[in-house]
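One structure below.
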Amino acid sequence: MSTDIDPARRTSLPGLAVVLRHDLPASVVVFLVALPLSIGVAVATGAPVAAGLLAAVVGGLVAGLLGGSSLQVSGPTASLTVVVAESIHQFGWATTCFITMGAGLLQILFGLGRIARAALAIAPVVVHGMLAGIGIVIALQQLHVLLGGQSLSSSWDSITQLPHQLAAAKGGDALVGGVVIAILLGWRYLPPRIRAVPAPLAAVVAATALAMVVPTSIERIVLTGTLFDDISLPAIPHGGWSAVALTMVTIALIASVETLLSAVAVDRLRPEQRTDLDRELIGQGVANMTSGLIGGLPIAAVIVRSITNVKAGARSKASTMLAGLWVLIFAVVLVEVVRQIPKAALAGVLIVIGIGLVKLAHIRLARRTGDLFVYATTVLVVVFVNLLVGMLVGLALAFALLLWRVAKVTITVEPLGVRRVVTIDGTLTFMAVPRLTGELAGIPVGAPVTIELAVDFVDHAAHEALHQWAQQHESCGGTVEFVEMGAARIADLEVGPPTRGHARRVLNETLGPWRRTARTDPIAAGVAAYHRGHAHVVRPHLGELRDSQNPDSLFLTCADSRIVPNVITSSGPGDLFTVRNIGNLIPADGRDTSVEAALVYALDKLDVRSVVVCGHSGCGAMDALYYERVTGSPLDAWLEHGRPALERFRGGHPVAVAAAAAGFDAVDQLGMVNVAVQLDVLSRHPVVRRGIEERGVVLAGLFFDISTARVVEITADGIGEIDDAGRQVTALPV
């Protein structure tokens, strides 16, 4: 009889194991946190206590099931307390339930409209500041509860009333709360088997047991009646629709913003479980419509509970849904058990969670990135005003800082002999015109001026100010030369509105105008572009080389127009002593006086430290050799110098074998063998041999693969790549 487990059952076992090991304990912790908070929000708004419990149930079961997040916990939230309280006062509780349903419908439309992705534009420093502010608020409020008092409505009151609360502290509550904090902080130092139990769960259970034996009185959760007491169904308002609609929109916006902020925060803690933001809004909307329909408070994903869920080890939606189920069961069936949990125990859990949201790493990051002011301001506003205002203030400051950084421009004027060099670096807009004109006004009349524009954006106002000054300066006998080093081009302003330039454009212009089909005189145009954009950059370096040169390498390569030695070696003027001919050949008999003269001059006069032979893919000379093409021109005689390479290739040269294994075709294999053969010719040349023996001259072989723009190293017995760090890789990957 087969003992194999049924496939369907085998598939479900790991999921069940995850739920039992991670989600089930986490759901209990979330439930223990959500229950008193849900009741507290209901009491603060003036709604029935059952409305808070119903919202917690719906938030767990409906939003948890339909939402786009696996870890967010939804329920009644403190950020909606003021709005809901005003709604109940103005319209009554039944109409407020109807408003909750309308807000949910708006959230569904938000999700279907796919506008939730805008939440990702929130600056990380704002999210970090928001989390830290929430953590401080939690710690301040719950500290009073831990000492046997009541949480206060504002952080300022929590701070100012703390001395009085300390004087009136209740020993039993403080003991229970202190034990919880001690367990949570010391849990990570316990053996792994014990740490398999979530620390918050263990702390709450231990605190509850302790409260049963402590002889003093300890404040416990207060819950009267059952879930179904005092429920009111929604009612359609009679008039005042504009105020009703405004309240709907306000609740929908606040709930959506808090939900999306919570999603961003949770995703940063658990990046492998990304939230589908649009689906999350739809799920929240359905949950709010359901909550309003059965007489519950408005719902949003709550950062405190969501963070608690993540910290408690949740892995899937099961935790959120189970938390909602526990609220339902305990509120209906096990009211007496809920009443045994000390408030101070939950306060201890929340204090540790709150303090944990203030991360030193976030503060250091904000300081390093120059965003510390944004972070600190966001924290203070969240603590002393509320979450929504703190988020808005933080975003406004982050946006203002971004504008300042983007629009920042550096303008310097430096003397270079009689010439003045004006460097403008950054973004040149109308905001920089006052400073620009002020700097230009200090330039002596009649002085020659070079204006270096290293800008990525220039608008018409700045362009006009520059040219008006230039015309005036030239009319007084001075000269003005404009050099465009940045991505933006003044000429673009003549054909359209200003646009931000791209760095790739600068690279293309530096390498040269390769696409010249529309130009009647490409060389002249290229020279003009060089004078306009790069001559002044090269000029100081060339000034040092005016009387002598000291190249590091003799670089012998093919005359092919696609090979640009200084580009593929990242070298500049004075670095390479370059010799180019068809097929990068070195006649072994010494009959080519041009190559001979270059070798002698480079090694005996310039004392180069290396000699490099560089071939390339798709070489016409190698193609003619391989297929033995006859042209009837002097080219045939020249290519005879490459015949030794052809013979070595046909004889199975190791370089050819390695090149074939790497996927190069026959012509390119021959080109690589040719480089190896030329290196062998050089090693036997008397001048080169003397340089090797006396000064340690190095011979090197390179091969430029045009299709990939990669440079391959050629050795006597193989090929290899040179990686991005400049290290030589011994074997080219196949």
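Starting from 1 in every chain, residues are counted up; chains themselves are A, B, ... following the order of the structure tokens, and ligands are numbered from 1 as listed.
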Within 10 Å of Asp589 (chain A), counting only C-alpha atoms, which residues show up once you throw out same-chain ones fewer than 3 positions away? Write them as a PyMOL selection string, please.
chain A and resi 586+592+641+681+685
Could you save the residues just selected, with all heavy atoms, as a PDB file, in the first residue's frame?
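As a result, selection_22.pdb now contains:
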```
ATOM      1  N   ILE A 586      52.434  44.069 -37.671  1.00  0.00           N
ATOM      2  CA  ILE A 586      53.821  44.487 -37.428  1.00  0.00           C
ATOM      3  C   ILE A 586      54.710  43.615 -38.321  1.00  0.00           C
ATOM      4  O   ILE A 586      54.936  42.432 -38.007  1.00  0.00           O
ATOM      5  CB  ILE A 586      54.213  44.311 -35.956  1.00  0.00           C
ATOM      6  CG1 ILE A 586      53.240  45.090 -35.061  1.00  0.00           C
ATOM      7  CG2 ILE A 586      55.651  44.760 -35.721  1.00  0.00           C
ATOM      8  CD1 ILE A 586      53.411  44.794 -33.594  1.00  0.00           C
ATOM      9  N   ASP A 592      58.763  47.741 -43.092  1.00  0.00           N
ATOM     10  CA  ASP A 592      57.861  48.884 -42.974  1.00  0.00           C
ATOM     11  C   ASP A 592      58.503  49.916 -42.052  1.00  0.00           C
ATOM     12  O   ASP A 592      58.517  49.775 -40.828  1.00  0.00           O
ATOM     13  CB  ASP A 592      56.505  48.443 -42.419  1.00  0.00           C
ATOM     14  CG  ASP A 592      55.504  49.585 -42.450  1.00  0.00           C
ATOM     15  OD1 ASP A 592      54.821  49.742 -43.468  1.00  0.00           O
ATOM     16  OD2 ASP A 592      55.426  50.332 -41.447  1.00  0.00           O
ATOM     17  N   HIS A 641      51.752  40.227 -44.577  1.00  0.00           N
ATOM     18  CA  HIS A 641      52.332  40.273 -43.230  1.00  0.00           C
ATOM     19  C   HIS A 641      51.436  39.573 -42.212  1.00  0.00           C
ATOM     20  O   HIS A 641      51.893  39.264 -41.104  1.00  0.00           O
ATOM     21  CB  HIS A 641      52.564  41.722 -42.793  1.00  0.00           C
ATOM     22  CG  HIS A 641      53.539  42.460 -43.662  1.00  0.00           C
ATOM     23  ND1 HIS A 641      54.832  42.041 -43.841  1.00  0.00           N
ATOM     24  CD2 HIS A 641      53.401  43.608 -44.402  1.00  0.00           C
ATOM     25  CE1 HIS A 641      55.469  42.875 -44.655  1.00  0.00           C
ATOM     26  NE2 HIS A 641      54.618  43.839 -45.011  1.00  0.00           N
ATOM     27  N   VAL A 681      55.711  38.652 -32.358  1.00  0.00           N
ATOM     28  CA  VAL A 681      56.662  39.383 -33.200  1.00  0.00           C
ATOM     29  C   VAL A 681      57.335  40.488 -32.391  1.00  0.00           C
ATOM     30  O   VAL A 681      58.555  40.697 -32.468  1.00  0.00           O
ATOM     31  CB  VAL A 681      55.938  39.959 -34.436  1.00  0.00           C
ATOM     32  CG1 VAL A 681      56.875  40.888 -35.222  1.00  0.00           C
ATOM     33  CG2 VAL A 681      55.434  38.837 -35.338  1.00  0.00           C
ATOM     34  N   HIS A 685      61.442  41.557 -31.243  1.00  0.00           N
ATOM     35  CA  HIS A 685      62.028  42.756 -31.842  1.00  0.00           C
ATOM     36  C   HIS A 685      63.148  43.282 -30.931  1.00  0.00           C
ATOM     37  O   HIS A 685      62.961  43.389 -29.711  1.00  0.00           O
ATOM     38  CB  HIS A 685      60.952  43.822 -32.030  1.00  0.00           C
ATOM     39  CG  HIS A 685      61.369  44.948 -32.906  1.00  0.00           C
ATOM     40  ND1 HIS A 685      62.232  45.939 -32.493  1.00  0.00           N
ATOM     41  CD2 HIS A 685      61.043  45.254 -34.193  1.00  0.00           C
ATOM     42  CE1 HIS A 685      62.414  46.812 -33.476  1.00  0.00           C
ATOM     43  NE2 HIS A 685      61.697  46.411 -34.527  1.00  0.00           N
TER      44      HIS A 685
END
```
Closest atom pairs, region 261-376 of chain A residues within 8 Å of region 143-154 of chain A, only C-alpha atoms, as a Markdown table:
```
| residue | atom | partner | partner_atom | distance |
| --- | --- | --- | --- | --- |
| A:Lys343 | CA | A:Val145 | CA | 6.8 |
| A:Ala344 | CA | A:Leu146 | CA | 4.3 |
| A:Ala345 | CA | A:Leu146 | CA | 7.4 |
| A:Ala347 | CA | A:Leu146 | CA | 5.5 |
| A:Gly348 | CA | A:Leu146 | CA | 6.5 |
| A:Ile351 | CA | A:Leu143 | CA | 7.0 |
```
Could you give me, as a ChimeraX atom specification, the residues within 12 Å of Gly64 (chain A), counting only C-alpha atoms and dropping anything in the same chain fewer than 3 positions from it?
/A:27,56-61,67-75,279-287,299-301,306,316-325
Residues of region 207-272 of chain A classed as alpha helix (DSSP H) by DSSP on the backbone are to be reported as a PyMOL selection string.
chain A and resi 207-213+241-269
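Nearest residue to Gly113 (chain A), choosing from A:Leu166, A:Leu635, A:Ser232, A:Asp278 and counting only C-alpha atoms: A:Asp278.
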Nearest candidate to Tyr627 (chain A) (options A:His473, A:His128, A:Arg643, A:Arg368; using only C-alpha atoms):
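For Tyr627 (chain A), the nearest of the candidates is A:Arg643.
Here CA of Ala235 (chain A) and CA of Ile39 (chain A) stand 23.0 Å from one another.
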Pick out each residue of region 369-577 of chain A that DSSP on the backbone tags as strand (DSSP E); I need them as a VMD selection string.
chain A and resid 409 to 416 419 to 428 448 to 458 479 to 484 553 to 558 576 to 577
Print the selection's residues with N, CA and C atoms to a file, as a short mmCIF file (atom, residue, chain, number, x, y, z; two decimals), in the first residue's frame.
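Below is the file that was written, again06.cif:
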```cif
data_model
loop_
_atom_site.label_atom_id
_atom_site.label_comp_id
_atom_site.auth_asym_id
_atom_site.auth_seq_id
_atom_site.Cartn_x
_atom_site.Cartn_y
_atom_site.Cartn_z
N VAL A 409 21.57 76.61 -8.06
CA VAL A 409 22.58 76.87 -9.08
C VAL A 409 23.80 77.50 -8.41
N THR A 410 24.97 77.07 -8.86
CA THR A 410 26.23 77.62 -8.35
C THR A 410 26.85 78.49 -9.42
N ILE A 411 27.16 79.73 -9.07
CA ILE A 411 27.74 80.69 -10.01
C ILE A 411 29.05 81.21 -9.42
N THR A 412 30.14 81.00 -10.14
CA THR A 412 31.44 81.48 -9.68
C THR A 412 32.11 82.24 -10.81
N VAL A 413 32.91 83.24 -10.43
CA VAL A 413 33.70 84.02 -11.38
C VAL A 413 35.15 83.97 -10.91
N GLU A 414 36.03 83.40 -11.74
CA GLU A 414 37.44 83.25 -11.38
C GLU A 414 38.32 83.87 -12.45
N PRO A 415 39.39 84.55 -12.03
CA PRO A 415 40.32 85.12 -13.00
C PRO A 415 41.26 84.06 -13.56
N LEU A 416 41.56 84.12 -14.84
CA LEU A 416 42.54 83.26 -15.49
C LEU A 416 43.39 84.18 -16.35
N ARG A 419 41.66 87.01 -18.46
CA ARG A 419 40.34 86.44 -18.76
C ARG A 419 39.58 86.14 -17.48
N ARG A 420 38.26 86.25 -17.55
CA ARG A 420 37.39 85.85 -16.46
C ARG A 420 36.59 84.62 -16.90
N VAL A 421 36.61 83.58 -16.05
CA VAL A 421 35.87 82.35 -16.34
C VAL A 421 34.66 82.30 -15.41
N VAL A 422 33.47 82.36 -16.00
CA VAL A 422 32.22 82.29 -15.25
C VAL A 422 31.68 80.87 -15.37
N THR A 423 31.57 80.18 -14.24
CA THR A 423 31.05 78.81 -14.22
C THR A 423 29.65 78.81 -13.61
N ILE A 424 28.70 78.30 -14.37
CA ILE A 424 27.31 78.21 -13.91
C ILE A 424 26.94 76.73 -13.89
N ASP A 425 26.69 76.22 -12.71
CA ASP A 425 26.47 74.78 -12.53
C ASP A 425 25.15 74.55 -11.81
N GLY A 426 24.29 73.73 -12.40
CA GLY A 426 23.01 73.41 -11.76
C GLY A 426 21.84 73.64 -12.69
N THR A 427 20.80 74.27 -12.17
CA THR A 427 19.58 74.56 -12.93
C THR A 427 19.43 76.06 -13.04
N LEU A 428 19.47 76.58 -14.24
CA LEU A 428 19.49 78.02 -14.47
C LEU A 428 18.09 78.49 -14.85
N PRO A 448 38.14 89.77 -21.50
CA PRO A 448 37.65 88.57 -22.20
C PRO A 448 37.00 87.63 -21.20
N VAL A 449 35.86 87.06 -21.58
CA VAL A 449 35.08 86.25 -20.64
C VAL A 449 34.71 84.92 -21.30
N THR A 450 34.87 83.85 -20.53
CA THR A 450 34.38 82.53 -20.93
C THR A 450 33.28 82.14 -19.96
N ILE A 451 32.09 81.85 -20.48
CA ILE A 451 30.95 81.45 -19.66
C ILE A 451 30.73 79.95 -19.84
N GLU A 452 31.03 79.18 -18.79
CA GLU A 452 30.85 77.73 -18.83
C GLU A 452 29.46 77.39 -18.30
N LEU A 453 28.63 76.85 -19.15
CA LEU A 453 27.27 76.48 -18.76
C LEU A 453 27.20 74.97 -18.51
N ALA A 454 27.41 74.59 -17.26
CA ALA A 454 27.30 73.17 -16.87
C ALA A 454 25.93 72.97 -16.24
N VAL A 455 24.88 73.21 -17.03
CA VAL A 455 23.52 73.20 -16.52
C VAL A 455 22.70 72.10 -17.18
N ASP A 456 21.71 71.61 -16.45
CA ASP A 456 20.81 70.61 -17.01
C ASP A 456 19.48 71.22 -17.44
N PHE A 457 19.27 72.53 -17.13
CA PHE A 457 18.05 73.21 -17.53
C PHE A 457 18.34 74.70 -17.58
N VAL A 458 17.83 75.36 -18.60
CA VAL A 458 17.95 76.81 -18.71
C VAL A 458 16.65 77.33 -19.31
N THR A 479 35.08 90.53 -24.90
CA THR A 479 34.68 89.35 -25.69
C THR A 479 34.02 88.35 -24.75
N VAL A 480 33.03 87.64 -25.29
CA VAL A 480 32.29 86.65 -24.51
C VAL A 480 32.24 85.35 -25.30
N GLU A 481 32.72 84.28 -24.68
CA GLU A 481 32.68 82.96 -25.30
C GLU A 481 31.79 82.05 -24.45
N PHE A 482 30.75 81.49 -25.07
CA PHE A 482 29.85 80.58 -24.38
C PHE A 482 30.31 79.14 -24.61
N VAL A 483 30.44 78.40 -23.53
CA VAL A 483 30.83 76.99 -23.61
C VAL A 483 29.75 76.17 -22.89
N GLU A 484 29.11 75.27 -23.62
CA GLU A 484 28.02 74.48 -23.06
C GLU A 484 28.52 73.09 -22.68
N SER A 553 51.81 54.45 -22.97
CA SER A 553 51.75 53.25 -23.81
C SER A 553 51.92 53.58 -25.29
N LEU A 554 52.55 52.65 -25.99
CA LEU A 554 52.48 52.63 -27.45
C LEU A 554 51.27 51.77 -27.79
N PHE A 555 50.31 52.35 -28.48
CA PHE A 555 49.04 51.66 -28.77
C PHE A 555 48.97 51.44 -30.27
N LEU A 556 49.15 50.18 -30.69
CA LEU A 556 49.12 49.83 -32.10
C LEU A 556 47.79 49.15 -32.40
N THR A 557 46.99 49.77 -33.26
CA THR A 557 45.67 49.24 -33.54
C THR A 557 45.33 49.41 -35.01
N CYS A 558 44.17 48.90 -35.39
CA CYS A 558 43.72 48.94 -36.78
C CYS A 558 43.27 50.34 -37.16
N LEU A 576 48.43 58.10 -24.83
CA LEU A 576 48.72 57.04 -25.79
C LEU A 576 49.55 57.57 -26.96
N PHE A 577 50.59 56.84 -27.32
CA PHE A 577 51.34 57.09 -28.54
C PHE A 577 50.80 56.07 -29.55
#
```
May I have the residues within 8 Å of region 373-388 of chain A as a ChimeraX atom specification, using only C-alpha atoms and disregarding those fewer than 6 positions away in the same chain?
/A:79,125-126,128-130,132-134,136-137,154-156,254,258,363,366,394,397-398
